[in-house]
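Trainee: Just passing along the structure, written as structure tokens.
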Amino acid sequence: MMNIMNKKWYLPVIAFLIIGLAGCGSMQKTGDELVADSRDAKSAIEQDYPQFADLFETSAGYAIFPNVGKGAYIIGGSSGNGTVYENGNMIGYANLKELDVGLQAGGKAFVEVLFFENQQALEEFKRGTYELGANASAVILEEGISRDVDFQDGVAVLTMPKAGAMAGISVGGQRFDFHPAE
């Protein structure tokens, strides 16, 4: 009886992850589409949340992930592609991956922006593989709510919900790969 219960729980989780991860791969954008989506996400943040607009100018650089998808049923995962900017100029592309376990269910789409407080933080990101630690937190942009952005280890994270239903968005444990533009 216990073995059957374990299989009943295990199989839906595996099926959900396979469907979810397959869907993330099919949503990848070409370079031009990704740049346009990033530009649109930046404009939306500047227009809807003007208190954060100056971060695009005052930071050493930033990475915009305009279409991050997160799905979870006990085991969760996030995936997204983005563009990276230094002094306002696009310098490359990055991808985001996250896998976590916990009491969670649902799916969500959101924009995520990493702001690099100084050149050292940006250079660390540009080395190729970068990880946000488990203590990282994000300012979740919500209508009518103003919050201060705190840089932790030279990086601040903003997220802007787009669609879906999920209890929350975690950013700790995310992994990023950077690829310079050609």
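Ligands are numbered from 1 in the order shown, chains are lettered A, B, ... in the order of the structure tokens, and residues start at 1 in each chain.
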Name the residues in contact with Thr83 of chain A at a cut-off of 6 Å, using only C-alpha atoms, excluding same-chain residues fewer than 5 positions from it; report them as a compact mmCIF listing (two decimals) with all heavy atoms, in the first residue's frame.
Mentor:
# COMPACT_ATOMS: atom_id res chain seq x y z
N ALA A 63 20.61 43.48 -15.63
CA ALA A 63 20.18 42.36 -16.47
C ALA A 63 18.66 42.30 -16.37
O ALA A 63 18.10 42.32 -15.27
CB ALA A 63 20.79 41.05 -15.98
N ILE A 64 18.00 42.26 -17.53
CA ILE A 64 16.54 42.22 -17.57
C ILE A 64 16.11 40.86 -18.13
O ILE A 64 16.53 40.47 -19.22
CB ILE A 64 15.96 43.32 -18.47
CG1 ILE A 64 16.36 44.70 -17.97
CG2 ILE A 64 14.44 43.21 -18.53
CD1 ILE A 64 15.87 45.83 -18.85
N GLY A 92 25.42 41.76 -23.71
CA GLY A 92 25.29 40.31 -23.82
C GLY A 92 23.93 39.80 -23.40
O GLY A 92 22.99 40.56 -23.17
N TYR A 93 23.88 38.48 -23.33
CA TYR A 93 22.65 37.76 -22.98
C TYR A 93 22.91 36.91 -21.74
O TYR A 93 24.05 36.54 -21.45
CB TYR A 93 22.22 36.85 -24.14
CG TYR A 93 21.96 37.60 -25.42
CD1 TYR A 93 22.96 37.76 -26.37
CD2 TYR A 93 20.71 38.15 -25.66
CE1 TYR A 93 22.72 38.46 -27.54
CE2 TYR A 93 20.46 38.85 -26.83
CZ TYR A 93 21.47 39.00 -27.77
OH TYR A 93 21.23 39.70 -28.91
N ALA A 94 21.85 36.58 -21.05
CA ALA A 94 21.96 35.72 -19.87
C ALA A 94 20.73 34.83 -19.79
O ALA A 94 19.69 35.14 -20.35
CB ALA A 94 22.09 36.55 -18.60
Trainee: Within segment 42-114 of chain A, find each residue whose DSSP state, derived from the backbone, is helix (DSSP H, G or I), and express the selection as an NGL selection string.
Mentor: :A and (42-48 or 50-52 or 55-58)
Trainee: Any chance you could export the current selection's C-alpha atoms as a PDB file, in the first residue's frame?
Mentor:
ATOM      1  CA  LYS A  42      12.230  48.426 -18.806  1.00  0.00           C
ATOM      2  CA  SER A  43       9.735  50.984 -20.164  1.00  0.00           C
ATOM      3  CA  ALA A  44       6.904  49.417 -18.137  1.00  0.00           C
ATOM      4  CA  ILE A  45       8.934  49.610 -14.926  1.00  0.00           C
ATOM      5  CA  GLU A  46       9.995  53.215 -15.612  1.00  0.00           C
ATOM      6  CA  GLN A  47       6.406  54.244 -16.376  1.00  0.00           C
ATOM      7  CA  ASP A  48       4.551  52.298 -13.683  1.00  0.00           C
ATOM      8  CA  PRO A  50       9.037  55.842 -11.407  1.00  0.00           C
ATOM      9  CA  GLN A  51      10.646  55.557  -7.961  1.00  0.00           C
ATOM     10  CA  PHE A  52      12.860  52.781  -9.425  1.00  0.00           C
ATOM     11  CA  LEU A  55      18.313  52.597 -10.958  1.00  0.00           C
ATOM     12  CA  PHE A  56      18.687  52.012 -14.708  1.00  0.00           C
ATOM     13  CA  GLU A  57      20.878  55.147 -14.884  1.00  0.00           C
ATOM     14  CA  THR A  58      22.762  55.015 -11.577  1.00  0.00           C
TER      15      THR A  58
END
Trainee: Fewer than 5 positions away in the same chain doesn't count, so skip those; otherwise give me all residues within 8 Å of segment 106-119 of chain A, counting only C-alpha atoms, as a VMD selection string.
Mentor: chain A and resid 41 55 to 56 59 to 73 151 154 to 167
Trainee: Keeping N, CA, C and O atoms for every residue in the selection just given, could you write it to a file as a compact mmCIF listing (two decimals), in the first residue's frame?
Mentor:
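After the write, selection.txt holds the following:
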# COMPACT_ATOMS: atom_id res chain seq x y z
N ALA A 41 9.91 45.79 -21.11
CA ALA A 41 9.85 45.57 -19.66
C ALA A 41 10.47 46.76 -18.92
O ALA A 41 9.91 47.23 -17.91
N LEU A 55 17.37 53.72 -11.11
CA LEU A 55 18.31 52.60 -10.96
C LEU A 55 18.92 52.18 -12.31
O LEU A 55 20.06 51.72 -12.36
N PHE A 56 18.16 52.35 -13.39
CA PHE A 56 18.69 52.01 -14.71
C PHE A 56 19.85 52.94 -15.09
O PHE A 56 20.73 52.55 -15.85
N SER A 59 23.00 52.59 -11.73
CA SER A 59 23.68 51.31 -11.51
C SER A 59 24.81 51.15 -12.53
O SER A 59 24.74 51.68 -13.64
N ALA A 60 25.81 50.37 -12.17
CA ALA A 60 26.90 50.06 -13.10
C ALA A 60 26.39 49.26 -14.29
O ALA A 60 26.93 49.32 -15.38
N GLY A 61 25.32 48.53 -14.08
CA GLY A 61 24.72 47.73 -15.13
C GLY A 61 23.48 47.04 -14.60
O GLY A 61 23.15 47.13 -13.42
N TYR A 62 22.80 46.34 -15.50
CA TYR A 62 21.60 45.61 -15.10
C TYR A 62 21.34 44.49 -16.10
O TYR A 62 21.79 44.52 -17.24
N ALA A 63 20.61 43.48 -15.63
CA ALA A 63 20.18 42.36 -16.47
C ALA A 63 18.66 42.30 -16.37
O ALA A 63 18.10 42.32 -15.27
N ILE A 64 18.00 42.26 -17.53
CA ILE A 64 16.54 42.22 -17.57
C ILE A 64 16.11 40.86 -18.13
O ILE A 64 16.53 40.47 -19.22
N PHE A 65 15.27 40.18 -17.39
CA PHE A 65 14.66 38.92 -17.81
C PHE A 65 13.17 39.20 -17.99
O PHE A 65 12.42 39.17 -17.01
N PRO A 66 12.73 39.50 -19.22
CA PRO A 66 11.36 39.99 -19.41
C PRO A 66 10.27 38.93 -19.31
O PRO A 66 9.10 39.29 -19.13
N ASN A 67 10.61 37.66 -19.41
CA ASN A 67 9.60 36.60 -19.40
C ASN A 67 10.08 35.39 -18.61
O ASN A 67 10.45 34.37 -19.19
N VAL A 68 10.09 35.51 -17.30
CA VAL A 68 10.49 34.39 -16.45
C VAL A 68 9.25 33.58 -16.13
O VAL A 68 8.22 34.14 -15.74
N GLY A 69 9.32 32.28 -16.29
CA GLY A 69 8.23 31.40 -15.94
C GLY A 69 8.60 30.55 -14.74
O GLY A 69 9.72 30.07 -14.65
N LYS A 70 7.68 30.42 -13.81
CA LYS A 70 7.91 29.58 -12.64
C LYS A 70 6.72 28.67 -12.47
O LYS A 70 5.58 29.11 -12.54
N GLY A 71 6.99 27.39 -12.29
CA GLY A 71 5.95 26.41 -12.03
C GLY A 71 6.35 25.54 -10.86
O GLY A 71 7.54 25.29 -10.66
N ALA A 72 5.39 25.11 -10.09
CA ALA A 72 5.72 24.29 -8.93
C ALA A 72 4.56 23.40 -8.51
O ALA A 72 3.40 23.79 -8.60
N TYR A 73 4.91 22.23 -8.13
CA TYR A 73 4.04 21.33 -7.39
C TYR A 73 4.99 20.56 -6.49
O TYR A 73 5.60 19.59 -6.89
N PHE A 151 20.67 46.72 -1.80
CA PHE A 151 21.70 45.96 -2.49
C PHE A 151 22.32 44.99 -1.50
O PHE A 151 22.69 45.38 -0.40
N GLY A 154 26.23 43.78 -3.59
CA GLY A 154 26.33 44.56 -4.82
C GLY A 154 25.22 44.33 -5.82
O GLY A 154 25.27 44.86 -6.93
N VAL A 155 24.19 43.56 -5.47
CA VAL A 155 23.11 43.26 -6.41
C VAL A 155 21.75 43.53 -5.74
O VAL A 155 21.53 43.16 -4.59
N ALA A 156 20.87 44.20 -6.48
CA ALA A 156 19.48 44.39 -6.05
C ALA A 156 18.58 43.72 -7.08
O ALA A 156 18.88 43.74 -8.27
N VAL A 157 17.49 43.13 -6.61
CA VAL A 157 16.59 42.39 -7.50
C VAL A 157 15.18 42.97 -7.40
O VAL A 157 14.66 43.15 -6.30
N LEU A 158 14.59 43.25 -8.57
CA LEU A 158 13.19 43.66 -8.66
C LEU A 158 12.45 42.60 -9.45
O LEU A 158 12.97 42.08 -10.43
N THR A 159 11.23 42.30 -9.05
CA THR A 159 10.38 41.42 -9.84
C THR A 159 9.04 42.12 -10.04
O THR A 159 8.55 42.81 -9.16
N MET A 160 8.48 41.95 -11.23
CA MET A 160 7.19 42.53 -11.56
C MET A 160 6.29 41.42 -12.06
O MET A 160 6.53 40.86 -13.13
N PRO A 161 5.27 41.04 -11.28
CA PRO A 161 4.36 39.96 -11.71
C PRO A 161 3.67 40.31 -13.03
O PRO A 161 3.33 41.46 -13.28
N LYS A 162 3.49 39.28 -13.87
CA LYS A 162 2.79 39.46 -15.14
C LYS A 162 1.48 38.68 -15.15
O LYS A 162 0.45 39.22 -15.55
N ALA A 163 1.52 37.41 -14.75
CA ALA A 163 0.32 36.58 -14.80
C ALA A 163 0.53 35.34 -13.93
O ALA A 163 1.65 35.00 -13.60
N GLY A 164 -0.58 34.67 -13.61
CA GLY A 164 -0.49 33.40 -12.90
C GLY A 164 -0.96 33.51 -11.47
O GLY A 164 -1.30 34.57 -10.98
N ALA A 165 -0.93 32.37 -10.80
CA ALA A 165 -1.35 32.29 -9.41
C ALA A 165 -0.39 31.40 -8.65
O ALA A 165 -0.26 30.22 -8.93
N MET A 166 0.32 32.01 -7.72
CA MET A 166 1.27 31.28 -6.90
C MET A 166 1.45 32.07 -5.61
O MET A 166 1.35 33.29 -5.61
N ALA A 167 1.73 31.38 -4.53
CA ALA A 167 1.83 32.03 -3.24
C ALA A 167 2.94 33.07 -3.18
O ALA A 167 2.81 34.08 -2.52
Trainee: Pick the closest to Ala36 of chain A from A:Gln120, A:Asp54, A:Glu182, A:Met90: which is it, counting only C-alpha atoms?
Mentor: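 Ranking A:Gln120, A:Asp54, A:Glu182, A:Met90 by distance to Ala36 of chain A, first place goes to A:Met90.
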Trainee: Looking only at strand (DSSP E) from DSSP on the backbone, list the matching residues of segment 31-110 of chain A as number ranges by chain.
Mentor: A: 61-86, 89-110
Trainee: May I ask for the distance between atom CA of Leu99 of chain A and atom CA of Leu34 of chain A, given in Å to one decimal place?
Mentor: 23.0 Å
Trainee: Of the candidates A:Glu124, A:Asp148, A:Asp32, A:Asp37, which shows the shortest atom-to-atom distance to Phe178 of chain A, using only C-alpha atoms?
Mentor: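 So, comparing all the options, the nearest one is A:Glu124.
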Trainee: Can you measure atom CA of Gly76 of chain A to atom CA of Asp100 of chain A for me? One decimal in Å is fine.
Mentor: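 Between atom CA of Gly76 of chain A and atom CA of Asp100 of chain A the gap works out to 5.1 Å.
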